[in-house]
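> File query_25.cif follows (mmCIF, C-alpha atoms and all ligand atoms):
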```
data_upload
#
loop_
_atom_site.label_atom_id
_atom_site.label_comp_id
_atom_site.auth_asym_id
_atom_site.auth_seq_id
_atom_site.Cartn_x
_atom_site.Cartn_y
_atom_site.Cartn_z
CA MET A 1 -5.51 92.03 9.73
CA ASN A 2 -4.57 88.39 9.14
CA HIS A 3 -5.84 86.15 6.39
CA ALA A 4 -5.61 82.40 6.12
CA ILE A 5 -6.87 79.52 4.04
CA ARG A 6 -9.19 77.42 6.22
CA ILE A 7 -11.40 74.38 5.77
CA HIS A 8 -14.79 74.28 7.49
CA ALA A 9 -15.48 70.77 6.17
CA HIS A 10 -13.43 68.06 4.46
CA GLY A 11 -13.65 67.60 0.72
CA GLY A 12 -12.27 68.84 -2.59
CA PRO A 13 -10.14 71.92 -3.30
CA GLU A 14 -13.31 74.07 -3.21
CA LYS A 15 -13.33 73.60 0.58
CA LEU A 16 -10.25 75.85 0.87
CA VAL A 17 -11.59 79.26 1.94
CA TRP A 18 -9.56 82.48 2.11
CA GLU A 19 -10.82 84.43 5.12
CA GLU A 20 -9.92 86.74 7.94
CA VAL A 21 -8.73 84.97 11.08
CA PRO A 22 -7.54 86.18 14.48
CA LEU A 23 -3.80 86.57 15.06
CA PRO A 24 -3.07 86.03 18.77
CA ASP A 25 0.06 87.05 20.64
CA PRO A 26 2.51 84.19 21.09
CA LYS A 27 1.93 82.08 24.21
CA PRO A 28 4.85 81.06 26.44
CA GLY A 29 7.31 79.05 24.34
CA GLU A 30 5.80 80.26 21.06
CA VAL A 31 6.98 82.54 18.28
CA ARG A 32 4.86 84.58 15.87
CA VAL A 33 6.13 84.36 12.30
CA ARG A 34 5.08 86.57 9.38
CA HIS A 35 5.27 84.28 6.38
CA ARG A 36 7.08 85.32 3.24
CA ALA A 37 6.44 81.94 1.61
CA VAL A 38 4.41 78.81 2.43
CA GLY A 39 5.20 75.31 1.17
CA LEU A 40 2.66 73.19 -0.72
CA ASN A 41 2.89 69.49 0.11
CA PHE A 42 0.86 66.40 -0.66
CA ILE A 43 0.13 66.03 3.05
CA ASP A 44 -1.98 69.19 2.74
CA VAL A 45 -4.28 67.23 0.44
CA TYR A 46 -4.63 64.45 3.04
CA PHE A 47 -5.63 67.00 5.72
CA ARG A 48 -8.07 68.67 3.33
CA THR A 49 -9.80 65.42 2.34
CA GLY A 50 -9.87 64.09 5.92
CA LEU A 51 -7.52 61.14 5.28
CA TYR A 52 -5.40 62.73 8.05
CA LYS A 53 -7.23 64.24 11.01
CA VAL A 54 -7.18 67.93 11.93
CA PRO A 55 -7.70 68.60 15.68
CA SER A 56 -10.98 70.48 15.03
CA LEU A 57 -12.84 72.45 12.35
CA PRO A 58 -12.51 75.09 11.05
CA ALA A 59 -8.79 74.44 10.56
CA THR A 60 -5.95 76.23 8.86
CA ILE A 61 -4.05 73.55 6.96
CA GLY A 62 -0.44 73.67 5.70
CA MET A 63 2.66 72.30 7.40
CA GLU A 64 5.55 74.44 6.20
CA GLY A 65 6.56 78.07 6.01
CA ALA A 66 9.38 80.58 5.97
CA GLY A 67 9.39 84.17 7.15
CA VAL A 68 10.41 86.67 9.78
CA VAL A 69 9.91 86.48 13.54
CA GLU A 70 7.47 89.19 14.59
CA ALA A 71 7.11 88.51 18.32
CA VAL A 72 8.27 85.93 20.85
CA GLY A 73 6.44 84.53 23.86
CA GLU A 74 7.66 84.25 27.42
CA GLY A 75 10.68 81.98 27.86
CA VAL A 76 11.82 82.06 24.23
CA THR A 77 15.53 82.83 24.11
CA GLU A 78 16.68 81.27 20.84
CA PHE A 79 14.75 83.67 18.55
CA LYS A 80 14.11 87.42 18.44
CA PRO A 81 12.02 89.73 16.25
CA GLY A 82 13.63 90.13 12.84
CA ASP A 83 15.17 86.63 12.67
CA ARG A 84 14.76 84.81 9.35
CA VAL A 85 13.27 81.40 10.12
CA ALA A 86 11.60 78.35 8.56
CA TYR A 87 9.82 75.21 9.73
CA ALA A 88 8.07 72.05 8.62
CA GLY A 89 5.59 69.82 10.38
CA ALA A 90 3.44 72.37 12.25
CA LEU A 91 -0.19 72.46 11.08
CA GLY A 92 -1.54 75.95 10.34
CA ALA A 93 0.85 77.30 7.70
CA TYR A 94 -1.64 78.56 5.08
CA ALA A 95 -1.76 81.98 6.76
CA GLU A 96 -0.17 85.40 6.35
CA ALA A 97 1.14 85.08 9.91
CA ARG A 98 0.82 82.50 12.68
CA CYS A 99 2.12 81.42 16.09
CA LEU A 100 3.92 78.12 16.61
CA PRO A 101 6.19 76.47 19.18
CA ALA A 102 9.69 77.94 19.02
CA ASP A 103 11.22 74.47 19.21
CA ARG A 104 9.89 73.68 15.70
CA LEU A 105 11.73 76.61 14.07
CA VAL A 106 15.21 76.79 12.57
CA LYS A 107 17.15 79.91 11.62
CA LEU A 108 17.80 80.32 7.91
CA PRO A 109 21.36 80.62 6.68
CA ASP A 110 22.11 83.75 4.59
CA GLY A 111 22.38 81.82 1.32
CA ILE A 112 18.82 80.45 1.46
CA ASP A 113 15.90 82.70 0.55
CA PHE A 114 12.34 82.43 1.82
CA VAL A 115 10.86 80.82 -1.29
CA GLN A 116 13.62 78.23 -1.43
CA ALA A 117 13.19 77.56 2.30
CA ALA A 118 9.41 77.11 2.06
CA ALA A 119 9.99 74.71 -0.84
CA MET A 120 12.55 72.56 0.89
CA MET A 121 12.06 72.22 4.63
CA LEU A 122 9.46 69.46 4.52
CA GLN A 123 10.46 67.73 1.29
CA GLY A 124 14.20 68.16 1.87
CA MET A 125 14.25 67.00 5.49
CA THR A 126 12.16 64.04 4.35
CA ALA A 127 14.78 63.20 1.72
CA GLN A 128 17.46 63.54 4.40
CA TYR A 129 15.96 61.02 6.80
CA LEU A 130 14.92 58.63 4.02
CA LEU A 131 18.39 58.47 2.46
CA ARG A 132 20.53 58.88 5.57
CA ARG A 133 18.56 57.19 8.34
CA THR A 134 15.64 54.98 7.24
CA TYR A 135 18.03 53.23 4.86
CA LYS A 136 21.60 54.52 4.77
CA VAL A 137 22.28 54.79 1.05
CA GLN A 138 25.79 53.68 0.16
CA LYS A 139 28.01 54.47 -2.79
CA GLY A 140 27.30 51.81 -5.42
CA ASP A 141 23.70 51.11 -4.33
CA THR A 142 21.00 51.05 -6.98
CA ILE A 143 17.76 52.37 -5.52
CA LEU A 144 14.18 52.80 -6.75
CA VAL A 145 12.34 56.12 -6.34
CA HIS A 146 8.65 56.56 -7.21
CA ALA A 147 7.23 59.97 -8.28
CA ALA A 148 10.81 60.86 -9.16
CA ALA A 149 9.95 64.22 -10.77
CA GLY A 150 7.88 65.40 -7.79
CA GLY A 151 8.87 67.60 -4.87
CA VAL A 152 10.46 64.94 -2.65
CA GLY A 153 11.37 62.94 -5.77
CA LEU A 154 13.68 65.50 -7.38
CA ILE A 155 15.51 66.04 -4.10
CA LEU A 156 15.86 62.26 -3.55
CA CYS A 157 17.29 61.80 -7.07
CA GLN A 158 19.92 64.51 -6.67
CA TRP A 159 20.91 63.64 -3.12
CA ALA A 160 21.14 59.91 -3.80
CA LYS A 161 23.34 60.55 -6.82
CA HIS A 162 25.51 62.82 -4.67
CA LEU A 163 25.89 59.88 -2.24
CA GLY A 164 27.13 57.73 -5.11
CA ALA A 165 23.96 55.73 -5.74
CA THR A 166 22.37 54.85 -9.08
CA VAL A 167 18.74 55.99 -9.11
CA ILE A 168 15.95 54.28 -11.01
CA GLY A 169 13.08 56.78 -11.08
CA VAL A 170 9.43 56.07 -11.86
CA VAL A 171 7.33 58.83 -13.47
CA SER A 172 4.09 59.05 -15.45
CA THR A 173 5.12 61.00 -18.57
CA PRO A 174 8.10 61.36 -20.93
CA GLU A 175 8.36 65.05 -19.96
CA LYS A 176 8.70 64.09 -16.30
CA ALA A 177 11.25 61.44 -17.32
CA GLU A 178 13.45 64.17 -18.82
CA ILE A 179 13.16 66.24 -15.63
CA ALA A 180 14.08 63.28 -13.40
CA LYS A 181 17.06 62.46 -15.62
CA ALA A 182 18.26 66.07 -15.51
CA HIS A 183 18.24 65.79 -11.70
CA GLY A 184 20.23 62.62 -11.22
CA ALA A 185 18.03 59.66 -12.16
CA ALA A 186 20.26 57.33 -14.20
CA HIS A 187 17.29 55.27 -15.42
CA VAL A 188 13.63 56.19 -15.70
CA VAL A 189 10.70 53.80 -15.95
CA LEU A 190 7.25 55.02 -17.04
CA THR A 191 4.27 54.04 -14.88
CA GLY A 192 2.69 51.87 -17.60
CA GLU A 193 5.79 49.67 -17.98
CA ASN A 194 6.44 46.35 -16.21
CA LEU A 195 8.43 47.79 -13.31
CA PRO A 196 9.88 44.59 -11.74
CA GLN A 197 10.94 43.44 -15.23
CA ARG A 198 12.65 46.77 -15.97
CA VAL A 199 14.37 46.78 -12.57
CA LYS A 200 15.57 43.24 -13.26
CA GLU A 201 17.06 44.31 -16.60
CA ILE A 202 18.70 47.42 -15.18
CA THR A 203 20.20 45.62 -12.16
CA GLY A 204 21.24 42.48 -14.07
CA GLY A 205 18.83 40.43 -11.96
CA ALA A 206 20.07 41.66 -8.56
CA MET A 207 17.00 43.90 -7.88
CA VAL A 208 17.26 46.79 -5.40
CA PRO A 209 18.01 46.94 -1.65
CA VAL A 210 15.46 49.72 -1.04
CA VAL A 211 12.33 51.17 -2.66
CA TYR A 212 11.15 54.67 -1.75
CA ASP A 213 7.42 54.52 -2.49
CA SER A 214 5.24 57.60 -1.93
CA VAL A 215 2.45 56.53 -4.28
CA GLY A 216 0.97 53.93 -1.91
CA ARG A 217 -2.02 51.83 -2.87
CA ASP A 218 -1.35 51.62 -6.64
CA THR A 219 2.32 50.64 -6.35
CA PHE A 220 2.86 48.86 -3.02
CA LEU A 221 2.76 45.27 -4.27
CA THR A 222 4.72 46.01 -7.44
CA SER A 223 7.36 47.72 -5.34
CA LEU A 224 7.80 44.57 -3.22
CA ASP A 225 8.59 42.68 -6.45
CA CYS A 226 11.48 45.07 -7.17
CA LEU A 227 13.33 44.27 -3.92
CA ARG A 228 16.16 41.82 -3.47
CA PRO A 229 15.88 39.31 -0.59
CA LEU A 230 15.97 41.09 2.79
CA GLY A 231 15.30 44.37 0.99
CA LEU A 232 13.57 47.34 2.62
CA MET A 233 10.25 48.71 1.41
CA VAL A 234 9.92 52.33 2.51
CA SER A 235 6.26 53.24 2.08
CA TYR A 236 6.32 56.93 2.98
CA GLY A 237 3.23 58.32 1.27
CA ASN A 238 -0.21 57.61 -0.17
CA ALA A 239 -0.70 59.84 -3.22
CA SER A 240 -2.89 57.12 -4.80
CA GLY A 241 -4.55 56.06 -1.52
CA PRO A 242 -3.52 54.38 1.74
CA VAL A 243 -1.93 50.93 1.86
CA SER A 244 -3.02 47.96 3.92
CA ILE A 245 -1.20 44.64 4.03
CA PRO A 246 -3.73 41.80 4.24
CA ASP A 247 -1.19 39.09 5.10
CA LEU A 248 2.32 39.58 6.49
CA GLY A 249 3.21 36.24 4.93
CA ILE A 250 3.60 38.08 1.64
CA LEU A 251 6.86 39.52 3.00
CA ALA A 252 8.18 36.01 3.63
CA ALA A 253 7.12 34.75 0.22
CA LYS A 254 8.84 37.64 -1.55
CA GLY A 255 12.20 37.17 0.22
CA SER A 256 12.02 37.97 3.95
CA LEU A 257 11.41 41.63 3.19
CA TYR A 258 11.28 44.54 5.63
CA VAL A 259 8.63 47.25 5.47
CA THR A 260 8.57 50.61 7.19
CA ARG A 261 6.00 53.41 7.11
CA PRO A 262 8.04 56.39 8.33
CA THR A 263 7.06 60.00 8.94
CA LEU A 264 9.14 63.16 9.26
CA ASN A 265 7.61 64.03 12.63
CA THR A 266 9.16 60.95 14.25
CA TYR A 267 12.58 61.64 12.75
CA THR A 268 12.59 65.29 13.87
CA ALA A 269 10.73 64.92 17.17
CA SER A 270 13.70 66.00 19.28
CA ARG A 271 15.24 69.44 18.89
CA ALA A 272 18.66 67.83 18.31
CA ASP A 273 17.31 65.67 15.47
CA LEU A 274 15.48 68.60 13.90
CA LEU A 275 18.59 70.80 13.91
CA ALA A 276 20.85 68.02 12.60
CA THR A 277 18.41 67.14 9.81
CA ALA A 278 17.97 70.78 8.76
CA GLN A 279 21.73 71.39 8.88
CA GLU A 280 22.49 68.47 6.57
CA LEU A 281 19.85 69.75 4.16
CA PHE A 282 21.25 73.30 4.25
CA ASP A 283 24.74 71.89 3.60
CA VAL A 284 23.79 69.99 0.42
CA VAL A 285 21.75 72.92 -0.88
CA LEU A 286 24.41 75.54 -0.13
CA SER A 287 27.13 73.36 -1.71
CA GLY A 288 25.03 73.08 -4.88
CA ALA A 289 24.82 69.27 -4.68
CA VAL A 290 21.01 69.52 -4.39
CA LYS A 291 19.08 72.23 -6.23
CA ILE A 292 15.61 73.12 -4.99
CA ARG A 293 13.36 73.44 -8.01
CA VAL A 294 10.43 75.75 -7.37
CA ASN A 295 8.63 74.97 -10.60
CA GLN A 296 5.27 76.51 -9.60
CA THR A 297 4.16 79.40 -7.40
CA PHE A 298 0.60 80.47 -6.62
CA PRO A 299 -0.82 83.31 -4.51
CA LEU A 300 -1.71 81.80 -1.10
CA LYS A 301 -5.34 82.86 -1.60
CA ASP A 302 -5.41 80.60 -4.69
CA ALA A 303 -4.39 77.49 -2.74
CA ALA A 304 -7.34 75.61 -4.29
CA GLU A 305 -5.79 76.01 -7.73
CA ALA A 306 -2.47 74.76 -6.38
CA HIS A 307 -4.18 71.69 -4.88
CA ARG A 308 -5.85 70.92 -8.21
CA ALA A 309 -2.49 71.06 -9.96
CA LEU A 310 -0.76 68.85 -7.35
CA GLU A 311 -3.51 66.23 -7.23
CA GLY A 312 -3.86 66.35 -11.01
CA ARG A 313 -0.16 65.35 -11.33
CA LYS A 314 0.43 68.62 -13.20
CA THR A 315 3.30 69.83 -10.99
CA THR A 316 6.98 68.94 -11.01
CA GLY A 317 9.53 69.72 -8.30
CA SER A 318 8.32 71.95 -5.47
CA THR A 319 5.44 74.42 -5.28
CA VAL A 320 5.28 77.53 -3.12
CA LEU A 321 2.30 79.64 -2.04
CA LEU A 322 2.92 83.38 -1.70
CA PRO A 323 1.04 85.34 0.98
P1 LIG A 401 4.76 65.23 -5.40
O1 LIG A 401 5.30 66.48 -5.97
O2 LIG A 401 5.60 64.00 -5.46
O3 LIG A 401 3.37 64.95 -6.10
C1 LIG A 401 2.80 63.68 -6.07
C2 LIG A 401 3.20 62.85 -7.30
O4 LIG A 401 2.81 61.50 -7.05
C3 LIG A 401 2.53 63.23 -8.58
O5 LIG A 401 3.16 64.28 -9.27
C4 LIG A 401 2.55 61.94 -9.36
O6 LIG A 401 3.77 61.80 -10.11
C5 LIG A 401 2.56 60.85 -8.27
N1 LIG A 401 1.29 60.13 -8.22
C6 LIG A 401 1.14 58.82 -8.44
N2 LIG A 401 -0.12 58.46 -8.32
C7 LIG A 401 -0.82 59.57 -8.04
C8 LIG A 401 -2.21 59.82 -7.84
N3 LIG A 401 -3.13 58.85 -7.89
N4 LIG A 401 -2.58 61.08 -7.56
C9 LIG A 401 -1.67 62.06 -7.51
N5 LIG A 401 -0.35 61.89 -7.69
C10 LIG A 401 0.07 60.64 -7.96
O7 LIG A 401 4.31 65.50 -3.89
P2 LIG A 401 5.24 65.75 -2.60
O8 LIG A 401 6.64 65.84 -3.01
O9 LIG A 401 4.62 66.82 -1.81
O10 LIG A 401 5.02 64.42 -1.78
C11 LIG A 401 5.36 63.17 -2.35
C12 LIG A 401 4.87 62.08 -1.49
O11 LIG A 401 5.68 61.99 -0.34
C13 LIG A 401 3.43 62.19 -1.00
O12 LIG A 401 2.85 60.92 -1.02
C14 LIG A 401 3.61 62.66 0.42
O13 LIG A 401 2.55 62.32 1.22
C15 LIG A 401 4.87 61.93 0.80
N6 LIG A 401 5.58 62.55 1.91
C16 LIG A 401 5.80 61.80 3.03
C17 LIG A 401 6.52 62.30 4.07
C18 LIG A 401 6.81 61.43 5.24
O14 LIG A 401 7.59 61.84 6.12
N7 LIG A 401 6.26 60.25 5.31
C19 LIG A 401 7.00 63.69 4.07
C20 LIG A 401 6.81 64.36 2.81
C21 LIG A 401 6.10 63.81 1.78
P3 LIG A 401 3.71 60.98 -11.50
O15 LIG A 401 2.72 61.73 -12.35
O16 LIG A 401 5.09 61.02 -12.04
O17 LIG A 401 3.24 59.59 -11.15
#
```
Using structure tokens, write down the structure that the file contains.

Amino acid sequence: MNHAIRIHAHGGPEKLVWEEVPLPDPKPGEVRVRHRAVGLNFIDVYFRTGLYKVPSLPATIGMEGAGVVEAVGEGVTEFKPGDRVAYAGALGAYAEARCLPADRLVKLPDGIDFVQAAAMMLQGMTAQYLLRRTYKVQKGDTILVHAAAGGVGLILCQWAKHLGATVIGVVSTPEKAEIAKAHGAAHVVLTGENLPQRVKEITGGAMVPVVYDSVGRDTFLTSLDCLRPLGLMVSYGNASGPVSIPDLGILAAKGSLYVTRPTLNTYTASRADLLATAQELFDVVLSGAVKIRVNQTFPLKDAAEAHRALEGRKTTGSTVLLP
């Protein structure tokens, strides 16, 4: 018996249906994993609404999980039944068990439990590539992080501080401001404030070399105004809606700016990159430099409730679904 949350049509949280689904044997190159915990991510909302495309309907959404290997397909040598594993970036995670390509899995170190793993693989590896590869944060940098009390946000704040950067976080409420500050944000700006003006004050007029913007449509243009000349705009999410740039000339007018729209899948496409990214994440978590805050858990069958909380901006830190 295997249950999963599937969508038969795109739409609101009510489209998430808990139902019985087949559980095939792993194909060549695949592993079957019994989930102990499943990660909730904003990307799950995009797949549910149809902003991002699923291959076909009905579809099991969810990109991240942690659990135990139950069976391996032909040709799989790196994993065996009983191994503790986790992954991010493979659609189909909202299930009690599932098959996926072995090359997307990593083994979990002893010090990391399943709930922590399901909370951190996607958000934590994202923080890794954003801070270490998209823009290599240096000691002494002052950087701007939107949704600073969110899942990716809290990891970015802690990790950037660990790298020696000063973080300016943006959040929507005073309660979230306290949470961001407790996790490494040196300065916090509330969403209603004049952000470029506040960044100017905080940086003594220098502005920032990089903005990490996951909010998208509502904040894109304001974020550009927070950058110093030749600064890098990292638009890595669309919580408020997708971004389109009508005229590239705006980048010239605002100081020969750079823009990138990165995604974790590109940065972990090769096995070597995936393993290196996961290892750096495990290192900062095991050393205690970055704490993974699982501030909400929901039964997997109640994924709709979890989506309402995430979209309603009611969550902080990471959220895990329990099968
Ligand atoms: P979060 O926990 O950050 O939740 C989203 C937060 O965004 C909210 O709590 C809220 O914080 C803020 N927000 C601002 N405007 C809105 C809005 N209109 N609706 C809802 N929330 C809004 O989610 P995740 O940590 O899962 O993901 C953060 C972002 O990072 C998402 O945009 C996601 O798509 C992106 N992402 C991108 C990846 C990539 O590789 N490109 C990988 C992983 C995540 P507040 O109330 O403080 O404003």
> Which residue gives the smallest distance to Leu310 of chain A among A:Gly11, A:Gly151, A:Pro22, A:Gly111, with all atoms listed in the file counted?
A:Gly151
> In terms of the shortest atom-to-atom distance over all atoms listed in the file, which of A:Thr77, A:Ala88, A:Ala93, A:Lys136 is closest to Thr60 of chain A?
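The answer is A:Ala93, which sits nearest to Thr60 of chain A.
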> Please check which protein, DNA or RNA residues sit within 7 Å of ligand LIG 401 (chain A), counting only C-alpha atoms and all ligand atoms, and write them as number ranges by chain.
A: 40-43, 122-123, 126, 147-153, 170-173, 176, 191, 214-215, 236-240, 262-265, 310-318
> Just write the chosen residues, C-alpha atoms, as a short mmCIF file (atom, residue, chain, number, x, y, z; two decimals), in the coordinates of the input.

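Resulting contents of again.cif:
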```cif
data_model
loop_
_atom_site.label_atom_id
_atom_site.label_comp_id
_atom_site.auth_asym_id
_atom_site.auth_seq_id
_atom_site.Cartn_x
_atom_site.Cartn_y
_atom_site.Cartn_z
CA LEU A 40 2.66 73.19 -0.72
CA ASN A 41 2.89 69.49 0.11
CA PHE A 42 0.86 66.40 -0.66
CA ILE A 43 0.13 66.03 3.05
CA LEU A 122 9.46 69.46 4.52
CA GLN A 123 10.46 67.73 1.29
CA THR A 126 12.16 64.04 4.35
CA ALA A 147 7.23 59.97 -8.28
CA ALA A 148 10.81 60.86 -9.16
CA ALA A 149 9.95 64.22 -10.77
CA GLY A 150 7.88 65.40 -7.79
CA GLY A 151 8.87 67.60 -4.87
CA VAL A 152 10.46 64.94 -2.65
CA GLY A 153 11.37 62.94 -5.77
CA VAL A 170 9.43 56.07 -11.86
CA VAL A 171 7.33 58.83 -13.47
CA SER A 172 4.09 59.05 -15.45
CA THR A 173 5.12 61.00 -18.57
CA LYS A 176 8.70 64.09 -16.30
CA THR A 191 4.27 54.04 -14.88
CA SER A 214 5.24 57.60 -1.93
CA VAL A 215 2.45 56.53 -4.28
CA TYR A 236 6.32 56.93 2.98
CA GLY A 237 3.23 58.32 1.27
CA ASN A 238 -0.21 57.61 -0.17
CA ALA A 239 -0.70 59.84 -3.22
CA SER A 240 -2.89 57.12 -4.80
CA PRO A 262 8.04 56.39 8.33
CA THR A 263 7.06 60.00 8.94
CA LEU A 264 9.14 63.16 9.26
CA ASN A 265 7.61 64.03 12.63
CA LEU A 310 -0.76 68.85 -7.35
CA GLU A 311 -3.51 66.23 -7.23
CA GLY A 312 -3.86 66.35 -11.01
CA ARG A 313 -0.16 65.35 -11.33
CA LYS A 314 0.43 68.62 -13.20
CA THR A 315 3.30 69.83 -10.99
CA THR A 316 6.98 68.94 -11.01
CA GLY A 317 9.53 69.72 -8.30
CA SER A 318 8.32 71.95 -5.47
#
```
> By how many Å are atom CA of Gly82 of chain A and atom CA of Leu274 of chain A apart?
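Computing it gives 21.6 Å between the two atoms.
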> For Gly12 of chain A, which residue among A:Tyr267, A:Tyr129, A:Phe47, A:Tyr212 is the nearest when counting all atoms listed in the file?
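Comparing A:Tyr267, A:Tyr129, A:Phe47, A:Tyr212 against Gly12 of chain A, the winner is A:Phe47.
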> Taking into account all atoms listed in the file, which residue in the set A:His162, A:Thr260, A:Gly241, A:Met63 is nearest to Lys291 of chain A?
A:His162
> Rank A:Arg104, A:His187, A:Arg293, A:Lys139 by their smallest atom-to-atom distance to Leu154 of chain A, using only C-alpha atoms, and report the top residue only.
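So, comparing all the options, the nearest one is A:Arg293.
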> May I ask which of the residues A:Thr222, A:Asn194, A:Thr266, A:Gln128 is the closest one to Phe282 of chain A, counting only C-alpha atoms?
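Smallest separation from Phe282 of chain A among the options: A:Gln128.
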> Figure out the distance between atom CA of Thr277 of chain A and atom CA of Glu64 of chain A, please, to one decimal in Å.
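Interatomic distance here is 15.2 Å.
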> Please list as a JSON list (two decimals) with C-alpha atoms, in the frame of the given file every residue within 6 Å of Trp18 of chain A, counting only C-alpha atoms and excluding residues in the same chain fewer than 3 positions away.

```
[["chain", "number", "residue", "atom", "x", "y", "z"],
["A", 4, "ALA", "CA", -5.61, 82.40, 6.12],
["A", 5, "ILE", "CA", -6.87, 79.52, 4.04],
["A", 301, "LYS", "CA", -5.34, 82.86, -1.60]]
```
> What is the atom CA of Val72 of chain A-atom CA of Ala86 of chain A distance in Å, reported with one decimal?
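These atoms are spaced 14.8 Å apart.
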> Which residues are near Asp110 of chain A? Cut-off 12 Å, only C-alpha atoms, ignore same chain within fewer than 4 positions. Put them as a ChimeraX atom specification.
/A:83-85,114,116-117,282,286
> Please provide the set of residues having any atom within 7 Å of segment 302-307 of chain A, restricted to all atoms listed in the file, with same-chain residues fewer than 2 positions apart removed, written as a PyMOL selection string.
chain A and resi 13-14+16+45+298-300+309-311
> Now that the selection is made, can you save its residues with C-alpha atoms as an mmCIF file, keeping the file's coordinate frame?

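Ended up saving to part36.cif:
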```
data_model
loop_
_atom_site.group_PDB
_atom_site.id
_atom_site.type_symbol
_atom_site.label_atom_id
_atom_site.label_comp_id
_atom_site.auth_asym_id
_atom_site.auth_seq_id
_atom_site.Cartn_x
_atom_site.Cartn_y
_atom_site.Cartn_z
ATOM 1 C CA PRO A 13 -10.140 71.920 -3.300
ATOM 2 C CA GLU A 14 -13.310 74.070 -3.210
ATOM 3 C CA LEU A 16 -10.250 75.850 0.870
ATOM 4 C CA VAL A 45 -4.280 67.230 0.440
ATOM 5 C CA PHE A 298 0.600 80.470 -6.620
ATOM 6 C CA PRO A 299 -0.820 83.310 -4.510
ATOM 7 C CA LEU A 300 -1.710 81.800 -1.100
ATOM 8 C CA ALA A 309 -2.490 71.060 -9.960
ATOM 9 C CA LEU A 310 -0.760 68.850 -7.350
ATOM 10 C CA GLU A 311 -3.510 66.230 -7.230
#
```
> Complete segment 49-53 of chain A at the level of all heavy atoms, written as a PDB file, keeping the file's coordinate frame.

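For reference, out.pdb as written:
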```
ATOM      1  N   THR A  49      -8.779  66.446   2.628  1.00  0.00           N
ATOM      2  CA  THR A  49      -9.800  65.420   2.340  1.00  0.00           C
ATOM      3  C   THR A  49     -10.296  64.729   3.610  1.00  0.00           C
ATOM      4  O   THR A  49     -11.356  64.118   3.610  1.00  0.00           O
ATOM      5  CB  THR A  49      -9.251  64.324   1.414  1.00  0.00           C
ATOM      6  OG1 THR A  49      -8.122  63.707   2.047  1.00  0.00           O
ATOM      7  CG2 THR A  49      -8.836  64.880   0.062  1.00  0.00           C
ATOM      8  N   GLY A  50      -9.493  64.776   4.690  1.00  0.00           N
ATOM      9  CA  GLY A  50      -9.870  64.090   5.920  1.00  0.00           C
ATOM     10  C   GLY A  50      -9.167  62.756   6.091  1.00  0.00           C
ATOM     11  O   GLY A  50      -9.375  62.065   7.093  1.00  0.00           O
ATOM     12  N   LEU A  51      -8.303  62.372   5.115  1.00  0.00           N
ATOM     13  CA  LEU A  51      -7.520  61.140   5.280  1.00  0.00           C
ATOM     14  C   LEU A  51      -6.664  61.247   6.548  1.00  0.00           C
ATOM     15  O   LEU A  51      -6.522  60.287   7.296  1.00  0.00           O
ATOM     16  CB  LEU A  51      -6.626  60.908   4.045  1.00  0.00           C
ATOM     17  CG  LEU A  51      -5.712  59.685   4.093  1.00  0.00           C
ATOM     18  CD1 LEU A  51      -6.526  58.391   4.122  1.00  0.00           C
ATOM     19  CD2 LEU A  51      -4.746  59.663   2.897  1.00  0.00           C
ATOM     20  N   TYR A  52      -6.085  62.433   6.775  1.00  0.00           N
ATOM     21  CA  TYR A  52      -5.400  62.730   8.050  1.00  0.00           C
ATOM     22  C   TYR A  52      -6.300  63.675   8.832  1.00  0.00           C
ATOM     23  O   TYR A  52      -6.958  64.529   8.247  1.00  0.00           O
ATOM     24  CB  TYR A  52      -4.040  63.390   7.805  1.00  0.00           C
ATOM     25  CG  TYR A  52      -2.973  62.509   7.172  1.00  0.00           C
ATOM     26  CD1 TYR A  52      -3.217  61.185   6.814  1.00  0.00           C
ATOM     27  CD2 TYR A  52      -1.706  63.024   6.932  1.00  0.00           C
ATOM     28  CE1 TYR A  52      -2.231  60.405   6.230  1.00  0.00           C
ATOM     29  CE2 TYR A  52      -0.709  62.242   6.348  1.00  0.00           C
ATOM     30  CZ  TYR A  52      -0.974  60.933   5.994  1.00  0.00           C
ATOM     31  OH  TYR A  52       0.002  60.173   5.409  1.00  0.00           O
ATOM     32  N   LYS A  53      -6.287  63.508  10.168  1.00  0.00           N
ATOM     33  CA  LYS A  53      -7.230  64.240  11.010  1.00  0.00           C
ATOM     34  C   LYS A  53      -6.686  65.604  11.450  1.00  0.00           C
ATOM     35  O   LYS A  53      -5.556  65.698  11.929  1.00  0.00           O
ATOM     36  CB  LYS A  53      -7.559  63.427  12.281  1.00  0.00           C
ATOM     37  CG  LYS A  53      -8.194  62.077  11.978  1.00  0.00           C
ATOM     38  CD  LYS A  53      -9.604  62.221  11.365  1.00  0.00           C
ATOM     39  CE  LYS A  53     -10.070  60.933  10.727  1.00  0.00           C
ATOM     40  NZ  LYS A  53     -10.524  61.056   9.344  1.00  0.00           N
TER      41      LYS A  53
END
```
